[in-house]
Structures are given as structure tokens and as C-alpha cells.
>>> print(open('work26.tsv').read())   # TSV, C-alpha atoms
chain	number	residue	atom	x	y	z
A	729	GLU	CA	55.26	42.37	80.12
A	730	ALA	CA	58.82	41.40	79.32
A	731	ALA	CA	59.90	37.85	78.55
A	732	SER	CA	63.24	36.63	79.89
A	733	ALA	CA	65.55	33.68	79.38
A	734	GLU	CA	68.95	32.75	80.79
A	735	ILE	CA	71.60	32.42	78.06
A	736	ALA	CA	75.29	31.88	78.86
A	737	ASN	CA	74.69	32.76	82.53
A	738	GLU	CA	73.06	36.07	81.58
A	739	ARG	CA	69.39	36.96	81.96
A	740	TRP	CA	68.24	38.29	78.57
A	741	THR	CA	64.94	40.16	78.45
A	742	LEU	CA	62.66	41.05	75.56
A	743	GLY	CA	59.98	43.60	76.29
A	744	PRO	CA	58.22	46.73	75.06
A	745	ALA	CA	60.45	49.69	74.25
A	746	THR	CA	60.16	52.56	76.71
A	747	GLY	CA	61.10	56.21	76.92
A	748	GLU	CA	62.61	57.97	73.92
A	749	LEU	CA	63.05	54.65	72.10
A	750	VAL	CA	59.30	54.41	71.60
A	751	ASP	CA	59.13	57.75	69.77
A	752	ALA	CA	62.26	57.21	67.71
A	753	ALA	CA	61.72	53.58	66.78
A	754	GLY	CA	57.94	53.91	66.56
A	755	ALA	CA	58.15	56.70	64.02
A	756	ALA	CA	60.74	54.81	61.99
A	757	ALA	CA	58.67	51.62	62.12
A	758	ASP	CA	55.47	53.37	60.95
A	759	GLY	CA	53.43	52.64	64.05
A	760	ALA	CA	54.74	49.14	64.66
A	761	TYR	CA	54.85	47.52	68.08
A	762	VAL	CA	58.46	47.99	69.19
A	763	LEU	CA	60.34	45.54	71.43
A	764	MET	CA	63.85	45.88	72.81
A	765	LEU	CA	66.37	43.18	73.69
A	766	ARG	CA	68.69	43.54	76.69
A	767	PRO	CA	71.34	41.24	78.15
A	768	ARG	CA	70.25	42.40	81.62
A	769	PRO	CA	67.23	44.31	82.88
A	770	ASP	CA	69.40	47.33	83.76
A	771	ALA	CA	71.56	47.21	80.59
A	772	PRO	CA	71.03	49.40	77.53
A	773	PRO	CA	69.14	47.70	74.70
A	774	LEU	CA	71.19	45.82	72.13
A	775	ALA	CA	68.48	45.50	69.49
A	776	LEU	CA	65.04	46.78	68.60
A	777	PHE	CA	62.34	44.70	66.91
A	778	ALA	CA	59.41	46.29	65.08
A	779	LEU	CA	56.36	44.01	64.92
A	780	HIS	CA	53.70	44.88	62.37
A	781	PRO	CA	50.29	43.37	63.15
A	782	ARG	CA	49.05	41.57	60.06
A	783	PRO	CA	45.34	41.15	59.24
A	784	ALA	CA	44.09	37.62	58.70
A	785	PRO	CA	44.11	36.22	55.15
A	786	GLY	CA	41.07	37.42	53.27
A	787	ALA	CA	40.62	40.56	55.36
A	788	ASP	CA	41.51	42.82	52.43
A	789	ALA	CA	38.94	41.09	50.19
A	790	LEU	CA	36.26	41.37	52.88
A	791	VAL	CA	36.90	45.07	53.52
A	792	GLU	CA	37.00	45.82	49.78
A	793	THR	CA	33.70	44.02	49.21
A	794	CYS	CA	32.01	45.77	52.12
A	795	VAL	CA	33.25	49.22	51.05
A	796	ARG	CA	32.08	48.60	47.47
A	797	HIS	CA	28.57	47.75	48.64
A	798	GLY	CA	28.33	50.38	51.37
A	799	VAL	CA	28.61	48.00	54.31
A	800	ARG	CA	30.29	49.42	57.42
A	801	VAL	CA	32.82	47.10	59.07
A	802	GLU	CA	33.50	47.30	62.80
A	803	VAL	CA	35.78	45.30	65.05
A	804	LEU	CA	34.38	44.92	68.56
A	805	THR	CA	36.60	44.52	71.59
A	806	GLY	CA	36.08	44.71	75.31
A	807	SER	CA	39.20	46.82	75.82
A	808	ALA	CA	41.42	48.51	73.26
A	809	SER	CA	45.12	47.65	73.20
A	810	PRO	CA	47.89	49.21	71.10
A	811	ALA	CA	48.15	46.00	69.07
A	812	ILE	CA	44.48	45.89	68.08
A	813	GLU	CA	44.44	49.61	67.38
A	814	ARG	CA	47.33	49.19	64.94
A	815	LEU	CA	45.72	46.12	63.43
A	816	THR	CA	42.37	47.77	62.73
A	817	ARG	CA	44.08	50.90	61.44
A	818	ARG	CA	46.13	48.80	59.06
A	819	ALA	CA	43.06	46.87	57.90
A	820	GLY	CA	41.11	50.10	57.39
A	821	VAL	CA	38.17	49.27	59.68
A	822	ASP	CA	36.62	50.96	62.71
A	823	LEU	CA	37.48	49.81	66.22
A	824	VAL	CA	34.59	49.86	68.69
A	825	VAL	CA	35.04	49.29	72.42
A	826	ALA	CA	31.89	47.74	73.84
A	827	SER	CA	31.31	45.81	77.04
A	828	SER	CA	28.52	43.81	75.37
A	829	ALA	CA	28.54	42.87	71.69
A	830	ALA	CA	24.85	41.95	71.82
A	831	GLU	CA	23.92	45.33	73.27
A	832	HIS	CA	25.95	47.10	70.56
A	833	VAL	CA	24.09	45.08	67.91
A	834	ARG	CA	20.75	46.16	69.39
A	835	VAL	CA	21.83	49.82	69.38
A	836	LEU	CA	22.71	49.60	65.68
A	837	GLN	CA	19.39	47.92	64.93
A	838	THR	CA	17.56	50.68	66.79
A	839	ASP	CA	19.15	53.13	64.34
A	840	GLY	CA	17.71	51.11	61.45
A	841	ALA	CA	20.78	49.07	60.51
A	842	ARG	CA	20.78	45.42	59.51
A	843	VAL	CA	23.61	43.83	61.45
A	844	ALA	CA	25.65	40.74	60.64
A	845	VAL	CA	27.99	39.33	63.29
A	846	VAL	CA	31.10	37.33	62.37
A	847	SER	CA	32.92	35.39	65.08
A	848	ASP	CA	35.06	32.28	65.39
A	849	GLY	CA	33.93	31.29	68.89
A	850	ALA	CA	30.93	30.40	71.02
A	851	HIS	CA	31.48	33.53	73.13
A	852	ALA	CA	29.49	35.42	70.44
A	853	ALA	CA	26.35	33.32	71.01
A	854	GLU	CA	24.38	36.22	72.52
A	855	ALA	CA	25.44	38.59	69.75
A	856	PHE	CA	24.55	35.93	67.18
A	857	ASP	CA	21.08	35.68	68.66
A	858	ALA	CA	20.59	39.46	68.53
A	859	SER	CA	21.93	39.91	64.99
A	860	ASP	CA	20.09	39.75	61.66
A	861	LEU	CA	22.71	37.36	60.26
A	862	ALA	CA	25.10	35.22	62.31
A	863	ILE	CA	28.22	34.00	60.48
A	864	GLY	CA	30.40	31.46	62.27
A	865	ARG	CA	34.02	31.55	61.15
A	866	THR	CA	35.18	27.92	61.23
A	867	SER	CA	36.93	25.47	58.93
A	868	GLY	CA	35.28	22.46	60.58
A	869	ARG	CA	38.64	20.84	61.28
A	870	ARG	CA	38.36	21.26	65.06
A	871	GLY	CA	34.97	19.75	65.61
A	872	LEU	CA	31.52	21.25	65.87
A	873	PHE	CA	30.92	25.00	66.05
A	874	LEU	CA	29.40	25.41	69.50
A	875	ALA	CA	27.27	28.49	68.85
A	876	ARG	CA	24.13	28.62	66.71
A	877	ALA	CA	24.92	30.46	63.46
A	878	ASP	CA	22.98	31.06	60.25
A	879	VAL	CA	26.02	30.52	58.02
A	880	LEU	CA	29.37	28.79	58.54
A	881	ALA	CA	32.29	30.28	56.63
A	882	PRO	CA	35.67	28.51	56.40
A	883	ALA	CA	37.59	31.74	55.67
A	884	LEU	CA	37.12	35.48	55.42
A	885	GLU	CA	36.90	35.10	51.64
A	886	ALA	CA	33.72	33.10	52.23
A	887	VAL	CA	32.37	35.91	54.41
A	888	ALA	CA	33.12	38.33	51.55
A	889	ALA	CA	31.26	36.00	49.18
A	890	THR	CA	28.26	36.03	51.53
A	891	VAL	CA	28.21	39.83	51.55
A	892	GLU	CA	28.56	39.85	47.75
A	893	ALA	CA	25.68	37.40	47.35
A	894	GLY	CA	23.43	39.46	49.64
A	895	ALA	CA	24.22	42.67	47.75
A	896	LEU	CA	23.52	41.01	44.39
A	897	ARG	CA	20.25	39.61	45.71
A	898	ASP	CA	19.14	43.08	46.84
A	899	ALA	CA	20.12	44.53	43.44
A	900	ALA	CA	18.19	41.78	41.64
A	901	VAL	CA	15.06	42.43	43.74
A	902	ARG	CA	15.32	46.19	43.21
A	903	ASN	CA	15.84	45.97	39.44
A	904	SER	CA	13.09	43.37	39.00
A	905	THR	CA	10.66	45.55	40.94
A	906	LEU	CA	11.54	48.55	38.77
A	907	CYS	CA	10.93	46.49	35.62
A	908	ALA	CA	7.55	45.36	36.92
A	909	ALA	CA	6.58	48.90	37.91
A	910	ALA	CA	7.63	50.22	34.50
A	911	GLY	CA	5.56	47.54	32.75
A	912	ASN	CA	2.50	48.35	34.84
A	913	ALA	CA	2.91	52.07	34.19
A	914	ALA	CA	3.24	51.48	30.44
A	915	GLY	CA	0.16	49.25	30.45
A	916	ALA	CA	-1.85	51.82	32.39
A	917	ALA	CA	-0.83	54.65	30.07
A	918	TRP	CA	-1.72	52.57	27.02
A	919	GLY	CA	-5.08	51.64	28.51
A	920	LEU	CA	-5.93	55.29	29.15
A	921	ARG	CA	-4.99	56.42	25.66
A	922	ALA	CA	-6.53	53.53	23.71
A	923	LEU	CA	-8.68	50.47	24.08
A	924	PRO	CA	-6.29	47.54	23.61
A	925	THR	CA	-7.58	44.04	23.28
A	926	VAL	CA	-6.93	41.52	26.05
A	927	GLN	CA	-4.13	39.98	24.01
A	928	GLN	CA	-2.52	43.36	23.40
A	929	ALA	CA	-2.90	44.40	27.03
A	930	THR	CA	-0.85	41.41	28.22
A	931	ARG	CA	2.17	42.43	26.14
A	932	PRO	CA	3.57	45.09	28.54
A	933	VAL	CA	3.18	42.69	31.45
A	934	SER	CA	4.92	39.89	29.54
A	935	VAL	CA	7.75	42.19	28.49
A	936	ALA	CA	8.14	43.46	32.06
A	937	ALA	CA	8.19	39.90	33.43
A	938	LEU	CA	10.83	38.83	30.91
A	939	ALA	CA	12.88	41.94	31.70
A	940	ALA	CA	12.62	41.23	35.45
A	941	MET	CA	13.78	37.64	34.97
A	942	GLY	CA	16.57	38.78	32.67
A	943	THR	CA	17.93	41.37	35.09
A	944	ALA	CA	17.71	38.88	37.97
A	945	PHE	CA	19.63	36.32	35.93
A	946	ALA	CA	22.26	38.89	34.98
A	947	GLN	CA	22.71	39.89	38.62
A	948	LEU	CA	22.77	36.41	40.16
A	949	ARG	CA	24.46	34.23	37.55
A	950	GLY	CA	27.85	32.77	38.32
A	951	GLY	CA	29.18	33.49	41.79
A	952	ARG	CA	31.36	30.42	42.07
A	953	ARG	CA	34.73	30.94	43.70
A	954	PRO	CA	37.70	28.57	43.40
A	955	ARG	CA	38.19	26.35	46.46
A	956	ALA	CA	41.21	24.46	47.67
A	957	VAL	CA	41.12	20.68	47.66
A	958	ALA	CA	41.18	20.59	51.48
A	959	GLU	CA	38.12	22.86	51.65
A	960	ARG	CA	36.19	20.68	49.22
A	961	LEU	CA	36.88	17.63	51.36
A	962	ILE	CA	35.51	19.26	54.52
A	963	ASP	CA	31.88	20.02	55.26
A	964	PRO	CA	31.84	22.51	58.13
>>> encode(input="work26.tsv", output="C-alpha cells")
Amino acid sequence: EAASAEIANERWTLGPATGELVDAAGAAADGAYVLMLRPRPDAPPLALFALHPRPAPGADALVETCVRHGVRVEVLTGSASPAIERLTRRAGVDLVVASSAAEHVRVLQTDGARVAVVSDGAHAAEAFDASDLAIGRTSGRRGLFLARADVLAPALEAVAATVEAGALRDAAVRNSTLCAAAGNAAGAAWGLRALPTVQQATRPVSVAALAAMGTAFAQLRGGRRPRAVAERLIDP
């Protein structure tokens, strides 16, 4: 829809570009949302404005973290609009049109996926309930978050940190299990080839346990991210 205002006894309108202007200006603006300004509804346009949808702060960090760890990112919407299509294309994520977010989550889970849902409103309560991990996007400055969530994140950087922590935890569990399996295999092979004493037989297990703890420590140590003073003063 076009917006209008009366300036100097003339009705100026600002609305979406139409006709050949869309192709010409759209190509020049690299897919931007193009608006045109007219002094009257029937007058030729005096100016064109190219609006580039901009992802929220932290979106690049979240997408980069998810891509690095093999996590697919989808943006769910009830109906696709040109603005959200440009926005998701610019952010590098998939756009999914679904009438029910909760039903889409269940479909993904049926295919064997573990699904995390991120939302900043209580309208996602049903999807939160169906998901494996519910992340509420809230700073805590506007009161309580009205939907039940597993984690509250003040910014998308915090969501990226949650994904990073989960990936590191999985890596620590995998590497520790491999160390334990290797120790057990070494102990079994030694026992078949020789007759070690009880004290000697515990050495592979002890080495494997130390290696498992060491790899877990290497994977999980650190993880602190700098926070602004305002974020430290608020407990969401």
C-alpha cells in the first residue's frame, strides 16, 4: 500500500514501484524493495528509494556457527512476502512457508532431526512444546517472557553461543567415548597376548580415563563471551 501526506497543498504519495520501474530499479538496486515518490497519484515519479532488508544484529554470527557445525537454519513464516524473501536470501538461510510451526517441527523430527526453535514471542508456545530445545529471544527489559522456554537468550549472539556449546558438548562426548573404547581394546589385546597382573591391567584403563578427561577439558574449556554492561545488569 502507498502512504500519502499533504505537503504545500499537494498530496504526495510513497508506494511500491510498478511497471518498468520495478525491473530497471530492482536490477540496479540488487534485489532491493523499491519505492517511488510522486507529488500526485497520477504524476510521474520524482524519486526512487531502494530499501535493503537488513538482518538483525548477530544473524551473521549465528548462521556462520550453524554452517560450521552442520546445523540447518530455517526461517518459518505463514505467508512469504517479497521483503522476507529478500531478507532470508541476504542472510543466507532457507525460507519455509508453513501454516503451523509445531507441525513443521514434528515433520522434521519424524525424519530424525533434532529441532531447536528460536522465537521472541509467546505465539511460538506450541512449537516450543514440540521442539527438542526451545530458545526464547528476549532481553528481559520488557517484562516476563510469556512462553515456556528451555533457554532465554538476550541476543542472537547468545543463540550462536548455545549452538556452539551444544556442538562442543557432542564433540567432547564422542572423543571421550573413543578414548574409552581404545583403552578397552588395548587392555583386551594385552590380556589375550599376555597375563598381566592386576596392577598392570589397570594401566590402559587409567590412561584411557585420563585421555577422556583431557579431551573433554580441551573441548569445553573457556567459552566465555564478552557482555555489555547493560546485559550484565539484567537477568532475563
>>> residues_around(input="work26.tsv", residues="range 871-886 of chain A", least_positions_apart="4", cutoff="10 Å", atoms="all atoms listed in the file", output="compact mmCIF listing (two decimals) with C-alpha atoms, keeping the file's coordinate frame")
# COMPACT_ATOMS: atom_id res chain seq x y z
CA ALA A 784 44.09 37.62 58.70
CA PRO A 785 44.11 36.22 55.15
CA GLY A 786 41.07 37.42 53.27
CA ALA A 787 40.62 40.56 55.36
CA ASP A 788 41.51 42.82 52.43
CA ALA A 789 38.94 41.09 50.19
CA LEU A 790 36.26 41.37 52.88
CA VAL A 791 36.90 45.07 53.52
CA THR A 793 33.70 44.02 49.21
CA VAL A 845 27.99 39.33 63.29
CA VAL A 846 31.10 37.33 62.37
CA SER A 847 32.92 35.39 65.08
CA ASP A 848 35.06 32.28 65.39
CA GLY A 849 33.93 31.29 68.89
CA ALA A 850 30.93 30.40 71.02
CA HIS A 851 31.48 33.53 73.13
CA ALA A 852 29.49 35.42 70.44
CA ALA A 853 26.35 33.32 71.01
CA GLU A 854 24.38 36.22 72.52
CA PHE A 856 24.55 35.93 67.18
CA ASP A 857 21.08 35.68 68.66
CA ASP A 860 20.09 39.75 61.66
CA LEU A 861 22.71 37.36 60.26
CA ALA A 862 25.10 35.22 62.31
CA ILE A 863 28.22 34.00 60.48
CA GLY A 864 30.40 31.46 62.27
CA ARG A 865 34.02 31.55 61.15
CA THR A 866 35.18 27.92 61.23
CA SER A 867 36.93 25.47 58.93
CA THR A 890 28.26 36.03 51.53
CA VAL A 891 28.21 39.83 51.55
CA GLU A 892 28.56 39.85 47.75
CA ARG A 953 34.73 30.94 43.70
CA ARG A 955 38.19 26.35 46.46
CA GLU A 959 38.12 22.86 51.65
CA ILE A 962 35.51 19.26 54.52
CA ASP A 963 31.88 20.02 55.26
CA PRO A 964 31.84 22.51 58.13
>>> atom_distance(input="work26.tsv", atom1="CA of Asn903 in chain A", atom2="CA of Gln928 in chain A")
24.5 Å
>>> atom_distance(input="work26.tsv", atom1="CA of Ala946 in chain A", atom2="CA of Gly915 in chain A")
24.8 Å
>>> residues_around(input="work26.tsv", residues="range 825-841 of chain A", least_positions_apart="2", cutoff="8 Å", atoms="all atoms listed in the file", output="list in words")
Leu804, Thr805, Gly806, Ser807, Ala808, Leu823, Val843, Ala852, Glu854, Ala855, Phe856, Asp857, Ala858 and Ser859 of chain A
>>> write_last_selection(input="work26.tsv", atoms="C-alpha atoms", output="tab-separated table (two decimals), keeping the file's coordinate frame")
chain	number	residue	atom	x	y	z
A	804	LEU	CA	34.38	44.92	68.56
A	805	THR	CA	36.60	44.52	71.59
A	806	GLY	CA	36.08	44.71	75.31
A	807	SER	CA	39.20	46.82	75.82
A	808	ALA	CA	41.42	48.51	73.26
A	823	LEU	CA	37.48	49.81	66.22
A	843	VAL	CA	23.61	43.83	61.45
A	852	ALA	CA	29.49	35.42	70.44
A	854	GLU	CA	24.38	36.22	72.52
A	855	ALA	CA	25.44	38.59	69.75
A	856	PHE	CA	24.55	35.93	67.18
A	857	ASP	CA	21.08	35.68	68.66
A	858	ALA	CA	20.59	39.46	68.53
A	859	SER	CA	21.93	39.91	64.99
>>> atom_distance(input="work26.tsv", atom1="CA of Arg931 in chain A", atom2="CA of Ala916 in chain A")
12.0 Å
>>> residues_around(input="work26.tsv", residues="Cys794 in chain A", least_positions_apart="5", cutoff="8 Å", atoms="all atoms listed in the file", output="list in words")
Val799, Arg800, Val801, Ala888 and Val891 of chain A
>>> closest_residue(input="work26.tsv", among="A:Ala745, A:Ile812, A:Val795, A:Ala922", to="Ala778 in chain A", atoms="all atoms listed in the file")
A:Ala745
>>> closest_residue(input="work26.tsv", among="A:Leu776, A:Ala771, A:Thr930, A:Val803", to="Trp918 in chain A", atoms="all atoms listed in the file")
A:Thr930
>>> closest_residue(input="work26.tsv", among="A:Ile735, A:Leu815, A:Leu763, A:Met941", to="Val901 in chain A", atoms="all atoms listed in the file")
A:Met941
>>> residues_around(input="work26.tsv", residues="Thr943 in chain A", least_positions_apart="3", cutoff="12 Å", atoms="all atoms listed in the file", output="CSV table (one decimal) with C-alpha atoms, in the frame of the given file")
chain,number,residue,atom,x,y,z
A,896,LEU,CA,23.5,41.0,44.4
A,897,ARG,CA,20.2,39.6,45.7
A,898,ASP,CA,19.1,43.1,46.8
A,899,ALA,CA,20.1,44.5,43.4
A,900,ALA,CA,18.2,41.8,41.6
A,901,VAL,CA,15.1,42.4,43.7
A,902,ARG,CA,15.3,46.2,43.2
A,903,ASN,CA,15.8,46.0,39.4
A,904,SER,CA,13.1,43.4,39.0
A,905,THR,CA,10.7,45.6,40.9
A,906,LEU,CA,11.5,48.6,38.8
A,907,CYS,CA,10.9,46.5,35.6
A,908,ALA,CA,7.6,45.4,36.9
A,936,ALA,CA,8.1,43.5,32.1
A,937,ALA,CA,8.2,39.9,33.4
A,938,LEU,CA,10.8,38.8,30.9
A,939,ALA,CA,12.9,41.9,31.7
A,940,ALA,CA,12.6,41.2,35.4
A,946,ALA,CA,22.3,38.9,35.0
A,947,GLN,CA,22.7,39.9,38.6
A,948,LEU,CA,22.8,36.4,40.2
A,949,ARG,CA,24.5,34.2,37.6
>>> closest_residue(input="work26.tsv", among="A:Ala811, A:Val887, A:Leu742, A:Val933", to="Tyr761 in chain A", atoms="only C-alpha atoms")
A:Ala811
>>> closest_residue(input="work26.tsv", among="A:Ala819, A:Leu765, A:Leu920, A:Leu774", to="Ala733 in chain A", atoms="all atoms listed in the file")
A:Leu765
>>> decode(input="work26.tsv", residues="range 813-836 of chain A", atoms="N, CA, C and O atoms", output="short mmCIF file (atom, residue, chain, number, x, y, z; two decimals), in the first residue's frame")
data_model
loop_
_atom_site.label_atom_id
_atom_site.label_comp_id
_atom_site.auth_asym_id
_atom_site.auth_seq_id
_atom_site.Cartn_x
_atom_site.Cartn_y
_atom_site.Cartn_z
N GLU A 813 11.50 -12.64 1.71
CA GLU A 813 12.28 -13.42 0.76
C GLU A 813 13.65 -12.78 0.54
O GLU A 813 14.67 -13.47 0.52
N ARG A 814 13.67 -11.45 0.41
CA ARG A 814 14.95 -10.76 0.25
C ARG A 814 15.79 -10.87 1.51
O ARG A 814 17.01 -11.01 1.46
N LEU A 815 15.13 -10.77 2.65
CA LEU A 815 15.84 -10.82 3.92
C LEU A 815 16.51 -12.17 4.14
O LEU A 815 17.70 -12.24 4.51
N THR A 816 15.79 -13.25 3.92
CA THR A 816 16.37 -14.58 4.11
C THR A 816 17.45 -14.87 3.07
O THR A 816 18.45 -15.51 3.38
N ARG A 817 17.25 -14.38 1.85
CA ARG A 817 18.27 -14.57 0.83
C ARG A 817 19.55 -13.83 1.19
O ARG A 817 20.66 -14.34 1.01
N ARG A 818 19.38 -12.64 1.74
CA ARG A 818 20.56 -11.86 2.15
C ARG A 818 21.26 -12.50 3.34
O ARG A 818 22.49 -12.48 3.44
N ALA A 819 20.49 -13.09 4.25
CA ALA A 819 21.09 -13.73 5.42
C ALA A 819 21.67 -15.10 5.10
O ALA A 819 22.46 -15.64 5.88
N GLY A 820 21.28 -15.67 3.96
CA GLY A 820 21.80 -16.98 3.57
C GLY A 820 21.14 -18.14 4.26
O GLY A 820 21.78 -19.16 4.54
N VAL A 821 19.84 -18.02 4.57
CA VAL A 821 19.10 -19.10 5.24
C VAL A 821 17.90 -19.48 4.37
O VAL A 821 17.50 -18.74 3.48
N ASP A 822 17.33 -20.64 4.67
CA ASP A 822 16.18 -21.14 3.92
C ASP A 822 14.88 -20.53 4.47
O ASP A 822 14.71 -20.39 5.68
N LEU A 823 13.98 -20.20 3.57
CA LEU A 823 12.66 -19.71 3.94
C LEU A 823 11.65 -20.83 3.75
O LEU A 823 11.56 -21.42 2.67
N VAL A 824 10.90 -21.13 4.80
CA VAL A 824 9.90 -22.20 4.77
C VAL A 824 8.54 -21.61 5.09
O VAL A 824 8.38 -20.93 6.11
N VAL A 825 7.59 -21.83 4.20
CA VAL A 825 6.22 -21.39 4.42
C VAL A 825 5.44 -22.55 5.04
O VAL A 825 5.31 -23.62 4.43
N ALA A 826 4.97 -22.35 6.26
CA ALA A 826 4.24 -23.40 6.96
C ALA A 826 3.09 -22.79 7.73
O ALA A 826 3.26 -21.77 8.41
N SER A 827 1.94 -23.41 7.64
CA SER A 827 0.77 -22.90 8.36
C SER A 827 0.88 -23.15 9.86
O SER A 827 0.31 -22.42 10.66
N SER A 828 1.64 -24.17 10.24
CA SER A 828 1.82 -24.50 11.65
C SER A 828 3.29 -24.79 11.91
O SER A 828 3.85 -25.74 11.36
N ALA A 829 3.91 -23.96 12.77
CA ALA A 829 5.32 -24.19 13.11
C ALA A 829 5.49 -25.49 13.88
O ALA A 829 6.46 -26.23 13.66
N ALA A 830 4.55 -25.79 14.78
CA ALA A 830 4.65 -27.02 15.56
C ALA A 830 4.57 -28.26 14.67
O ALA A 830 5.32 -29.23 14.87
N GLU A 831 3.69 -28.23 13.68
CA GLU A 831 3.57 -29.36 12.77
C GLU A 831 4.84 -29.52 11.94
O GLU A 831 5.29 -30.65 11.69
N HIS A 832 5.45 -28.41 11.54
CA HIS A 832 6.71 -28.48 10.77
C HIS A 832 7.81 -29.08 11.65
O HIS A 832 8.63 -29.87 11.16
N VAL A 833 7.84 -28.72 12.92
CA VAL A 833 8.83 -29.29 13.84
C VAL A 833 8.64 -30.79 13.93
O VAL A 833 9.62 -31.57 13.89
N ARG A 834 7.40 -31.26 14.04
CA ARG A 834 7.14 -32.70 14.15
C ARG A 834 7.55 -33.44 12.88
O ARG A 834 8.05 -34.57 12.93
N VAL A 835 7.36 -32.81 11.73
CA VAL A 835 7.77 -33.44 10.46
C VAL A 835 9.28 -33.62 10.44
O VAL A 835 9.80 -34.68 10.04
N LEU A 836 10.02 -32.60 10.86
CA LEU A 836 11.48 -32.70 10.89
C LEU A 836 11.93 -33.77 11.88
O LEU A 836 12.88 -34.52 11.61
#
